[in-house]
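Student: Dropping in final_7.csv, which is CSV, C-alpha atoms and all ligand atoms:
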chain,number,residue,atom,x,y,z
A,1,MET,CA,80.2,79.1,109.4
A,2,LEU,CA,82.4,82.3,109.5
A,3,GLU,CA,80.7,85.7,109.3
A,4,VAL,CA,82.8,88.8,109.3
A,5,SER,CA,80.8,92.0,109.4
A,6,ASN,CA,81.8,95.6,109.4
A,7,LEU,CA,85.2,94.8,110.8
A,8,ASN,CA,87.5,97.8,111.4
A,9,LYS,CA,91.0,98.3,112.9
A,10,TYR,CA,92.9,101.5,113.3
A,11,TYR,CA,96.6,101.8,114.3
A,12,GLY,CA,96.6,105.4,115.4
A,13,LYS,CA,95.3,107.3,112.3
A,14,ASN,CA,96.1,104.4,110.0
A,15,HIS,CA,92.9,102.7,109.1
A,16,ALA,CA,94.5,99.2,108.7
A,17,VAL,CA,91.3,97.3,108.0
A,18,ASN,CA,88.3,99.2,106.6
A,19,GLU,CA,84.7,97.9,106.9
A,20,LEU,CA,85.5,94.3,106.1
A,21,ASN,CA,82.6,92.0,105.2
A,22,PHE,CA,82.6,88.4,104.0
A,23,THR,CA,81.3,85.0,104.9
A,24,VAL,CA,82.9,81.5,104.5
A,25,ASP,CA,80.4,78.6,104.6
A,26,SER,CA,81.1,75.1,105.8
A,27,GLY,CA,83.1,73.3,103.0
A,28,GLU,CA,84.0,76.5,101.3
A,29,ILE,CA,87.5,78.0,100.6
A,30,LEU,CA,88.0,81.8,100.5
A,31,CYS,CA,91.4,83.1,99.4
A,32,LEU,CA,92.2,86.7,100.3
A,33,LEU,CA,94.7,88.2,97.9
A,34,GLY,CA,96.4,91.6,98.3
A,35,ALA,CA,99.6,93.5,98.1
A,36,ASN,CA,101.9,94.2,101.0
A,37,GLY,CA,100.2,96.4,103.6
A,38,ALA,CA,96.6,95.6,102.2
A,39,GLY,CA,95.5,94.6,105.7
A,40,LYS,CA,95.5,90.7,105.4
A,41,THR,CA,97.7,90.0,108.4
A,42,THR,CA,95.7,92.4,110.6
A,43,THR,CA,92.5,90.6,109.5
A,44,LEU,CA,94.0,87.2,110.4
A,45,ASN,CA,95.1,88.6,113.7
A,46,MET,CA,91.6,89.8,114.5
A,47,LEU,CA,90.2,86.4,113.6
A,48,LEU,CA,92.7,84.8,115.9
A,49,GLY,CA,91.8,87.1,118.7
A,50,PHE,CA,95.3,88.6,118.9
A,51,VAL,CA,94.2,92.0,117.8
A,52,LYS,CA,91.0,93.7,119.1
A,53,PRO,CA,88.8,95.1,116.3
A,54,ASP,CA,87.8,98.7,116.8
A,55,SER,CA,84.3,97.9,115.5
A,56,GLY,CA,82.5,95.1,113.8
A,57,ARG,CA,82.4,91.4,114.6
A,58,ALA,CA,83.8,88.1,113.4
A,59,ILE,CA,81.6,85.1,114.4
A,60,LEU,CA,82.5,81.5,114.0
A,61,ASP,CA,79.5,79.2,114.2
A,62,GLY,CA,77.8,81.6,116.6
A,63,ILE,CA,80.9,82.3,118.7
A,64,ASP,CA,82.4,85.8,118.8
A,65,MET,CA,86.1,85.3,117.8
A,66,TYR,CA,87.5,88.1,119.9
A,67,HIS,CA,85.2,88.0,123.0
A,68,GLN,CA,85.1,84.2,123.2
A,69,ARG,CA,88.6,83.5,122.0
A,70,THR,CA,89.1,80.4,124.1
A,71,GLU,CA,86.0,78.7,122.9
A,72,CYS,CA,86.8,79.7,119.4
A,73,ARG,CA,90.3,78.3,119.4
A,74,GLU,CA,88.8,74.9,120.2
A,75,GLN,CA,86.9,75.1,117.0
A,76,MET,CA,89.6,76.3,114.7
A,77,MET,CA,93.1,75.7,113.5
A,78,TYR,CA,95.7,78.3,112.5
A,79,ILE,CA,98.4,77.2,110.1
A,80,PRO,CA,101.2,79.8,109.9
A,81,GLU,CA,103.5,80.3,106.9
A,82,ASN,CA,106.1,78.1,108.6
A,83,VAL,CA,104.7,75.4,110.8
A,84,HIS,CA,106.9,74.9,113.9
A,85,LEU,CA,106.8,71.5,115.4
A,86,TYR,CA,109.2,69.6,117.8
A,87,PRO,CA,112.1,68.6,115.6
A,88,SER,CA,113.1,65.6,117.7
A,89,PHE,CA,109.6,64.1,117.7
A,90,THR,CA,108.1,62.1,114.9
A,91,ALA,CA,104.9,63.3,113.2
A,92,VAL,CA,102.8,61.0,115.4
A,93,GLU,CA,104.5,62.1,118.5
A,94,ASN,CA,104.0,65.8,117.6
A,95,ILE,CA,100.3,65.3,117.0
A,96,SER,CA,99.9,63.3,120.2
A,97,TYR,CA,101.5,66.1,122.1
A,98,LEU,CA,99.5,68.8,120.4
A,99,ALA,CA,96.3,66.9,121.0
A,100,GLU,CA,97.2,66.5,124.7
A,101,LEU,CA,97.8,70.3,125.0
A,102,ALA,CA,94.5,71.0,123.2
A,103,GLY,CA,92.6,68.5,125.2
A,104,VAL,CA,91.7,66.5,122.1
A,105,LYS,CA,91.3,62.8,122.7
A,106,VAL,CA,92.9,60.7,120.0
A,107,ILE,CA,94.3,57.2,119.5
A,108,GLN,CA,97.6,56.4,117.9
A,109,SER,CA,96.0,54.4,115.0
A,110,ASP,CA,93.8,57.4,114.1
A,111,ILE,CA,96.8,59.7,114.1
A,112,LYS,CA,98.6,57.4,111.6
A,113,ASP,CA,95.5,57.0,109.4
A,114,VAL,CA,95.0,60.8,109.2
A,115,LEU,CA,98.7,61.4,108.5
A,116,LEU,CA,98.6,58.9,105.7
A,117,ARG,CA,95.5,60.6,104.3
A,118,THR,CA,97.3,63.9,104.1
A,119,GLY,CA,100.1,62.3,102.1
A,120,ILE,CA,102.7,61.5,104.7
A,121,THR,CA,104.1,58.1,103.8
A,122,GLU,CA,104.6,55.0,106.0
A,123,ALA,CA,108.3,55.6,106.0
A,124,GLN,CA,108.0,59.2,106.9
A,125,LEU,CA,105.9,58.3,109.9
A,126,GLU,CA,109.0,56.9,111.5
A,127,ARG,CA,111.1,60.0,110.8
A,128,LYS,CA,111.8,62.9,113.1
A,129,ILE,CA,110.1,66.2,112.0
A,130,GLY,CA,113.4,68.0,112.0
A,131,SER,CA,114.1,66.4,108.6
A,132,PHE,CA,110.6,67.4,107.1
A,133,SER,CA,110.2,70.0,104.4
A,134,LYS,CA,107.8,72.9,104.7
A,135,GLY,CA,105.2,71.1,102.7
A,136,MET,CA,105.4,68.0,104.9
A,137,ARG,CA,105.1,70.0,108.1
A,138,GLN,CA,102.0,71.6,106.6
A,139,LYS,CA,100.5,68.2,106.0
A,140,VAL,CA,101.1,67.3,109.7
A,141,ALA,CA,99.3,70.5,110.7
A,142,ILE,CA,96.4,69.7,108.4
A,143,ALA,CA,96.3,66.2,109.8
A,144,PHE,CA,95.9,67.7,113.2
A,145,ALA,CA,93.1,70.0,112.0
A,146,LEU,CA,91.3,66.9,110.6
A,147,LEU,CA,91.7,65.0,113.9
A,148,LYS,CA,90.5,68.1,115.8
A,149,HIS,CA,87.4,68.3,113.6
A,150,ALA,CA,88.3,72.0,113.2
A,151,LYS,CA,85.3,74.0,111.8
A,152,LEU,CA,87.6,76.7,110.4
A,153,VAL,CA,91.2,76.5,109.2
A,154,LEU,CA,93.1,79.8,108.7
A,155,MET,CA,96.3,79.7,106.7
A,156,ASP,CA,98.9,82.4,106.1
A,157,GLU,CA,100.9,82.3,102.9
A,158,PRO,CA,100.8,78.5,102.7
A,159,THR,CA,102.4,78.1,99.3
A,160,SER,CA,105.3,80.6,99.6
A,161,GLY,CA,108.5,78.6,99.1
A,162,LEU,CA,106.7,75.4,98.0
A,163,ASP,CA,107.8,73.9,94.6
A,164,PRO,CA,105.1,73.2,92.0
A,165,VAL,CA,104.8,69.5,93.0
A,166,ALA,CA,104.5,70.4,96.7
A,167,THR,CA,101.9,73.1,95.8
A,168,GLN,CA,99.8,70.6,93.9
A,169,GLU,CA,100.0,68.2,96.9
A,170,PHE,CA,99.0,71.1,99.2
A,171,ILE,CA,96.0,71.8,97.0
A,172,GLU,CA,94.9,68.2,97.2
A,173,VAL,CA,95.2,68.1,101.0
A,174,VAL,CA,93.2,71.3,101.4
A,175,ASN,CA,90.5,69.8,99.2
A,176,THR,CA,90.4,66.9,101.7
A,177,ILE,CA,89.5,69.3,104.6
A,178,LYS,CA,87.0,71.1,102.4
A,179,GLN,CA,85.3,67.8,101.6
A,180,ARG,CA,85.0,67.2,105.4
A,181,GLY,CA,82.9,70.4,105.6
A,182,THR,CA,85.6,72.6,107.1
A,183,ALA,CA,85.6,76.3,106.2
A,184,VAL,CA,89.0,77.5,105.0
A,185,LEU,CA,90.4,81.0,104.8
A,186,ILE,CA,93.7,81.4,103.1
A,187,VAL,CA,95.7,84.6,103.0
A,188,THR,CA,98.0,84.5,100.0
A,189,HIS,CA,100.0,86.3,97.2
A,190,ASP,CA,99.7,83.2,95.0
A,191,LEU,CA,97.1,83.9,92.3
A,192,LEU,CA,97.5,80.5,90.6
A,193,CYS,CA,96.9,78.6,93.9
A,194,ALA,CA,93.9,80.9,94.7
A,195,HIS,CA,92.5,80.2,91.2
A,196,GLN,CA,92.9,76.4,91.6
A,197,LEU,CA,91.6,76.2,95.1
A,198,ALA,CA,89.1,78.9,96.0
A,199,ASP,CA,85.4,79.0,95.9
A,200,GLN,CA,85.6,82.7,96.5
A,201,ILE,CA,88.5,85.1,96.0
A,202,GLY,CA,88.7,88.4,97.8
A,203,ILE,CA,91.0,91.1,96.6
A,204,MET,CA,92.2,93.5,99.3
A,205,SER,CA,93.7,96.8,98.4
A,206,GLN,CA,94.3,100.0,100.5
A,207,ARG,CA,93.0,98.2,103.6
A,208,LYS,CA,89.6,97.4,102.0
A,209,LEU,CA,88.1,94.3,100.4
A,210,LYS,CA,87.7,95.8,96.9
A,211,GLN,CA,86.2,92.7,95.3
A,212,LEU,CA,84.7,89.4,96.3
A,213,ILE,CA,84.5,87.1,93.3
A,214,LYS,CA,83.0,83.7,92.8
A,215,ASN,CA,85.7,81.6,91.3
A,216,ASP,CA,83.3,79.4,89.2
A,217,ASP,CA,83.7,80.9,85.7
A,218,LEU,CA,86.8,83.0,86.3
A,219,THR,CA,89.8,82.3,84.1
A,220,LEU,CA,93.3,82.8,85.4
A,221,PRO,CA,93.9,85.7,83.0
A,222,ASP,CA,90.6,87.3,84.1
A,223,LEU,CA,91.6,87.0,87.8
A,224,THR,CA,95.1,88.4,87.0
A,225,GLU,CA,93.5,91.4,85.2
A,226,GLN,CA,91.0,92.0,88.0
A,227,TYR,CA,93.8,91.8,90.6
A,228,PHE,CA,96.0,94.4,88.8
A,229,GLU,CA,93.1,96.7,88.1
A,230,GLN,CA,92.7,97.1,91.9
A,231,PHE,CA,96.3,98.5,92.1
A,232,SER,CA,96.2,100.7,89.1
A,233,ALA,CA,92.9,102.3,90.2
B,1,LIG,N1,101.2,96.5,114.9
B,1,LIG,C1,101.0,97.5,114.1
B,1,LIG,N2,101.2,98.8,114.4
B,1,LIG,C2,101.0,99.8,113.6
B,1,LIG,N3,100.6,99.6,112.3
B,1,LIG,C3,100.4,98.4,111.8
B,1,LIG,C4,100.6,97.2,112.7
B,1,LIG,N4,100.4,96.1,112.0
B,1,LIG,C5,100.1,96.5,110.7
B,1,LIG,N5,100.1,97.9,110.7
B,1,LIG,C6,99.8,98.7,109.4
B,1,LIG,O1,98.5,98.2,109.0
B,1,LIG,C7,98.4,98.2,107.6
B,1,LIG,C8,98.0,96.8,107.2
B,1,LIG,O2,99.1,95.9,107.4
B,1,LIG,P1,99.0,94.3,107.3
B,1,LIG,O3,100.3,93.8,107.9
B,1,LIG,O4,97.7,93.9,107.9
B,1,LIG,O5,99.0,94.1,105.7
B,1,LIG,P2,99.3,92.8,104.9
B,1,LIG,O6,98.3,92.8,103.8
B,1,LIG,O7,99.3,91.6,105.8
B,1,LIG,O8,100.7,93.0,104.3
B,1,LIG,P3,101.9,91.8,104.0
B,1,LIG,O9,101.4,91.1,102.8
B,1,LIG,O10,103.1,92.7,103.8
B,1,LIG,O11,102.0,91.0,105.2
B,1,LIG,C9,99.8,98.7,107.1
B,1,LIG,O12,99.7,100.0,106.8
B,1,LIG,C10,100.7,98.4,108.3
B,1,LIG,O13,101.8,99.3,108.3
Take the structure from the file and write it as structure tokens.

Tutor:
Amino acid sequence: MLEVSNLNKYYGKNHAVNELNFTVDSGEILCLLGANGAGKTTTLNMLLGFVKPDSGRAILDGIDMYHQRTECREQMMYIPENVHLYPSFTAVENISYLAELAGVKVIQSDIKDVLLRTGITEAQLERKIGSFSKGMRQKVAIAFALLKHAKLVLMDEPTSGLDPVATQEFIEVVNTIKQRGTAVLIVTHDLLCAHQLADQIGIMSQRKLKQLIKNDDLTLPDLTEQYFEQFSA
């Protein structure tokens, strides 16, 4: 679904992303871990078409993510660290408005169904978003990704600032979109979340993807050890 090949970005002499290669299949979750300055945000910005790669390509289901940005945006959903929605609208009103802007045809009952599926309660459906927590706003964004039938969801630091219960709820909701066949790429500092969620874990260090690990048999202590090895090397 998502194929990143030989992606490079320089800021002057600073090689901000160095020969990045990975794929994320449909229904698969890749978590990219890395210290500050490892190149994660630059990678996301290239996938979002905000930053032009100096070389290499990112292809989403056959579409070049930089050169065909508009087509690509129709197929994907970006969920930033803090989801900004209209505080004086309810969740349903926010999604109706987002759908209208994106040209996605939806009916009110489908919006309610999908919000309930992401863990928004009946009572919360009536409340204005201004009173929603970070985790609840994320659920609304994920509900929109489901309605939009996004092929790829990109998330930046989704669990920072979430309490353990909200983090578990987040993990359950992301598994819902995975089961629908969406490819998910998460940029995070949260090793525990990556360990619980990911099919693949990428460790970025010094602007390179140093390791791409299948999460199947990896224990959390193993992952922690491998993570710290990249920074002591
Ligand atoms: N707009 C920019 N202009 C110049 N240099 C930049 C720019 N954006 C990022 N960089 C540099 O590129 C490198 C990678 O930064 P990037 O923000 O992608 O890392 P990161 O892994 O997202 O870090 P963090 O976890 O702190 O967000 C760093 O050396 C950074 O200083």

Student: How would you write, as JSON, numbers by chain, the set of residues no farther than 9 Å from ligand LIG 1 (chain B) when counting all atoms listed in the file?

Tutor: {"A": [9, 10, 11, 12, 14, 15, 16, 17, 33, 34, 35, 36, 37, 38, 39, 40, 41, 42, 43, 44, 45, 51, 157, 187, 188, 189, 204, 205, 206, 207]}

Student: Report, in Å with one decimal, the straight-line distance from atom CA of Ala91 of chain A to atom CA of Met77 of chain A.

Tutor: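 Distance between the two atoms: 17.1 Å.
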
Student: Leaving out Met1 of chain A and any residue of its chain fewer than 2 positions from it, which residues lie within 6 Å of it when counting only C-alpha atoms, given as JSON, numbers by chain?

Tutor: {"A": [25, 26, 60, 61]}

Student: So how many Å separate atom CA of Ile213 of chain A and atom CA of Lys52 of chain A, to one decimal?

Tutor: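 Distance reported for this atom pair: 27.4 Å.
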
Student: Please determine, counting all atoms listed in the file, which residue among A:Met155, A:Met65, A:Leu185, A:Val140 has the shortest atom-to-atom distance to His84 of chain A.

Tutor: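 The closest residue to His84 of chain A is A:Val140.
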
Student: Could you tell me how far atom CA of Lys208 of chain A lies from atom CA of Asn21 of chain A, in Å and to one decimal?

Tutor: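 Answer for the atom CA of Lys208 of chain A to atom CA of Asn21 of chain A separation: 9.4 Å.
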
Student: Hey, which of A:Ala194, A:Ile63, A:Val184, A:Leu101 ends up closest to Leu154 of chain A? Count only C-alpha atoms.

Tutor: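 Of A:Ala194, A:Ile63, A:Val184, A:Leu101, the one nearest Leu154 of chain A is A:Val184, counting only C-alpha atoms.
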
Student: Can you work out which one of A:Glu229, A:Asp199, A:Asp64, A:Glu126 has the shortest atom-to-atom distance to Asp217 of chain A, counting only C-alpha atoms?

Tutor: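 The answer is A:Asp199, which sits nearest to Asp217 of chain A.
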
Student: Please write as number ranges by chain the list of polymer residues whose atoms come within 12 Å of (105.8, 71.7, 113.4), counting all atoms listed in the file and keeping to the coordinates of the file.

Tutor: A: 79-95, 97-98, 128-144

Student: Please produce an output containing C-alpha atoms for each residue in the selection, written as a PDB file, keeping the file's coordinate frame.

Tutor:
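In the end it all went to out_37.pdb:
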ATOM      1  CA  ILE A  79      98.400  77.200 110.100  1.00  0.00           C
ATOM      2  CA  PRO A  80     101.200  79.800 109.900  1.00  0.00           C
ATOM      3  CA  GLU A  81     103.500  80.300 106.900  1.00  0.00           C
ATOM      4  CA  ASN A  82     106.100  78.100 108.600  1.00  0.00           C
ATOM      5  CA  VAL A  83     104.700  75.400 110.800  1.00  0.00           C
ATOM      6  CA  HIS A  84     106.900  74.900 113.900  1.00  0.00           C
ATOM      7  CA  LEU A  85     106.800  71.500 115.400  1.00  0.00           C
ATOM      8  CA  TYR A  86     109.200  69.600 117.800  1.00  0.00           C
ATOM      9  CA  PRO A  87     112.100  68.600 115.600  1.00  0.00           C
ATOM     10  CA  SER A  88     113.100  65.600 117.700  1.00  0.00           C
ATOM     11  CA  PHE A  89     109.600  64.100 117.700  1.00  0.00           C
ATOM     12  CA  THR A  90     108.100  62.100 114.900  1.00  0.00           C
ATOM     13  CA  ALA A  91     104.900  63.300 113.200  1.00  0.00           C
ATOM     14  CA  VAL A  92     102.800  61.000 115.400  1.00  0.00           C
ATOM     15  CA  GLU A  93     104.500  62.100 118.500  1.00  0.00           C
ATOM     16  CA  ASN A  94     104.000  65.800 117.600  1.00  0.00           C
ATOM     17  CA  ILE A  95     100.300  65.300 117.000  1.00  0.00           C
ATOM     18  CA  TYR A  97     101.500  66.100 122.100  1.00  0.00           C
ATOM     19  CA  LEU A  98      99.500  68.800 120.400  1.00  0.00           C
ATOM     20  CA  LYS A 128     111.800  62.900 113.100  1.00  0.00           C
ATOM     21  CA  ILE A 129     110.100  66.200 112.000  1.00  0.00           C
ATOM     22  CA  GLY A 130     113.400  68.000 112.000  1.00  0.00           C
ATOM     23  CA  SER A 131     114.100  66.400 108.600  1.00  0.00           C
ATOM     24  CA  PHE A 132     110.600  67.400 107.100  1.00  0.00           C
ATOM     25  CA  SER A 133     110.200  70.000 104.400  1.00  0.00           C
ATOM     26  CA  LYS A 134     107.800  72.900 104.700  1.00  0.00           C
ATOM     27  CA  GLY A 135     105.200  71.100 102.700  1.00  0.00           C
ATOM     28  CA  MET A 136     105.400  68.000 104.900  1.00  0.00           C
ATOM     29  CA  ARG A 137     105.100  70.000 108.100  1.00  0.00           C
ATOM     30  CA  GLN A 138     102.000  71.600 106.600  1.00  0.00           C
ATOM     31  CA  LYS A 139     100.500  68.200 106.000  1.00  0.00           C
ATOM     32  CA  VAL A 140     101.100  67.300 109.700  1.00  0.00           C
ATOM     33  CA  ALA A 141      99.300  70.500 110.700  1.00  0.00           C
ATOM     34  CA  ILE A 142      96.400  69.700 108.400  1.00  0.00           C
ATOM     35  CA  ALA A 143      96.300  66.200 109.800  1.00  0.00           C
ATOM     36  CA  PHE A 144      95.900  67.700 113.200  1.00  0.00           C
TER      37      PHE A 144
END

Student: Place N, CA and C atoms on segment 74-90 of chain A and deliver the coordinates as a compact mmCIF listing (two decimals), in the frame of the given file.

Tutor:
# COMPACT_ATOMS: atom_id res chain seq x y z
N GLU A 74 89.15 76.35 120.23
CA GLU A 74 88.80 74.90 120.20
C GLU A 74 88.25 74.46 118.91
N GLN A 75 87.63 75.42 118.21
CA GLN A 75 86.90 75.10 117.00
C GLN A 75 87.69 75.32 115.72
N MET A 76 88.88 75.90 115.88
CA MET A 76 89.60 76.30 114.70
C MET A 76 91.06 75.87 114.72
N MET A 77 91.72 76.00 113.58
CA MET A 77 93.10 75.70 113.50
C MET A 77 93.82 76.75 112.67
N TYR A 78 94.91 77.27 113.20
CA TYR A 78 95.70 78.30 112.50
C TYR A 78 96.97 77.61 111.95
N ILE A 79 97.21 77.74 110.66
CA ILE A 79 98.40 77.20 110.10
C ILE A 79 99.28 78.32 109.54
N PRO A 80 100.35 78.67 110.28
CA PRO A 80 101.20 79.80 109.90
C PRO A 80 102.00 79.49 108.64
N GLU A 81 102.70 80.51 108.12
CA GLU A 81 103.50 80.30 106.90
C GLU A 81 104.52 79.18 107.12
N ASN A 82 105.16 79.18 108.26
CA ASN A 82 106.10 78.10 108.60
C ASN A 82 105.58 77.38 109.82
N VAL A 83 105.24 76.13 109.66
CA VAL A 83 104.70 75.40 110.80
C VAL A 83 105.84 74.90 111.67
N HIS A 84 105.79 75.31 112.94
CA HIS A 84 106.90 74.90 113.90
C HIS A 84 106.38 73.74 114.72
N LEU A 85 107.14 72.67 114.65
CA LEU A 85 106.80 71.50 115.40
C LEU A 85 108.10 71.05 116.16
N TYR A 86 107.98 70.06 117.03
CA TYR A 86 109.20 69.60 117.80
C TYR A 86 110.06 68.78 116.90
N PRO A 87 111.26 69.29 116.56
CA PRO A 87 112.10 68.60 115.60
C PRO A 87 112.54 67.21 115.97
N SER A 88 112.64 66.95 117.27
CA SER A 88 113.10 65.60 117.70
C SER A 88 112.02 64.61 117.88
N PHE A 89 110.75 65.03 117.63
CA PHE A 89 109.60 64.10 117.70
C PHE A 89 109.23 63.67 116.28
N THR A 90 108.65 62.49 116.16
CA THR A 90 108.10 62.10 114.90
C THR A 90 106.75 62.84 114.68
